[in-house]
Amino acid sequence: MKVVEDLEFIDNDSRELLNVSENPFVMLWRQTRLLFSRKNSRKMMLVSTLQFGLFGSCHGLYMFFPEIVDKVASFTNRFPMQQATICDMVQKVDEISVNVTKYAFAIKHTATCSETFEMSTFFHSFILEMLYMMGFLVITFIINRTSKLNILLVILISCSISGFATNFVDIPLLSVYIYVIFMLTLLAVNVVNAATVDLFPTNLR
């Protein structure tokens, strides 16, 4: 009994040896154009759209996560009994922070950089990272035991509902946790990557 190398890899290696002197850009295009063939173009567009949406939603908003959570905490400390949505709280804190200057002029709609964070901001960031860790562990154990489509649908539907709910929930603490759940959309990235491996042949992965 012995391990035999796949013929596909043997063919690819022989082609690479023959094309060593070939223009690298031509070689790159020759290897990439198969992704845009009629057979693979729909899969390529589907995967690219999913990845673009996921990374745009997660990483696009992740950089603002500490600032938004900090402004919600600041609003809660200043107005402990008042209810408002996340958007209203962020706008209100921005207006308050720049409302009074050394010349006593009211300057509205001007962004300022905060040099300090509320302690709850670090707490919620820690919770988000812990949820990421537990989510990735759970997905690792169940991804080969159930359908990747089911996992993807559960993540996307629950996180999408949470994302829409942040526009309407006016309870500060609840809105923060709903926002945290929305940020868990990043868990779907690994599922899409695993599904991509199944969609394309070995030489295109």
# chains A, B, ... in the order shown; residues from 1 in each chain; ligands from 1

call {"tool": "residues_around", "arguments": {"residues": "Lys71 in chain A", "least_positions_apart": "5", "cutoff": "9 Å", "atoms": "only C-alpha atoms", "output": "JSON, numbers by chain"}}
result
{"A": [66, 76, 86, 89, 90, 91, 92, 93, 94, 117, 118, 121]}

call {"tool": "residues_around", "arguments": {"residues": "Met183 in chain A", "least_positions_apart": "6", "cutoff": "9 Å", "atoms": "only C-alpha atoms", "output": "list in words"}}
result
Ser57, Cys58, His59, Leu61, Tyr62, Phe65, Leu128, Cys159 and Gly163 of chain A

call {"tool": "atom_distance", "arguments": {"atom1": "CA of Thr185 in chain A", "atom2": "CA of Ile171 in chain A"}}
result
22.1 Å

call {"tool": "atom_distance", "arguments": {"atom1": "CA of Asp198 in chain A", "atom2": "CA of Ser162 in chain A"}}
result
29.6 Å

call {"tool": "closest_residue", "arguments": {"among": "A:Leu28, A:Leu199, A:Cys87, A:Val154", "to": "Thr166 in chain A", "atoms": "only C-alpha atoms"}}
result
A:Cys87

call {"tool": "residues_around", "arguments": {"residues": "Ala194 in chain A", "least_positions_apart": "5", "cutoff": "10 Å", "atoms": "only C-alpha atoms", "output": "list in words"}}
result
Ile143, Asn144, Lys148, Ala188, Val189 and Leu199 of chain A

call {"tool": "closest_residue", "arguments": {"among": "A:Ile142, A:Val180, A:Ile155, A:Leu174", "to": "Ile127 in chain A", "atoms": "only C-alpha atoms"}}
result
A:Val180

call {"tool": "select_by_dssp", "arguments": {"residues": "range 59-192 of chain A", "states": "alpha helix (DSSP H)", "output": "number ranges by chain"}}
result
A: 59-62, 65-78, 86-97, 119-142, 148-165, 172-183, 187-192

call {"tool": "closest_residue", "arguments": {"among": "A:Ile151, A:Leu173, A:Leu156, A:Met134", "to": "Phe75 in chain A", "atoms": "only C-alpha atoms"}}
result
A:Leu173

call {"tool": "residues_around", "arguments": {"residues": "Pro172 in chain A", "least_positions_apart": "3", "cutoff": "8 Å", "atoms": "only C-alpha atoms", "output": "PyMOL selection string"}}
result
chain A and resi 72+76+83-86+169+175-176

call {"tool": "closest_residue", "arguments": {"among": "A:Leu54, A:Leu149, A:Ala165, A:Met119", "to": "Leu187 in chain A", "atoms": "only C-alpha atoms"}}
result
A:Leu54
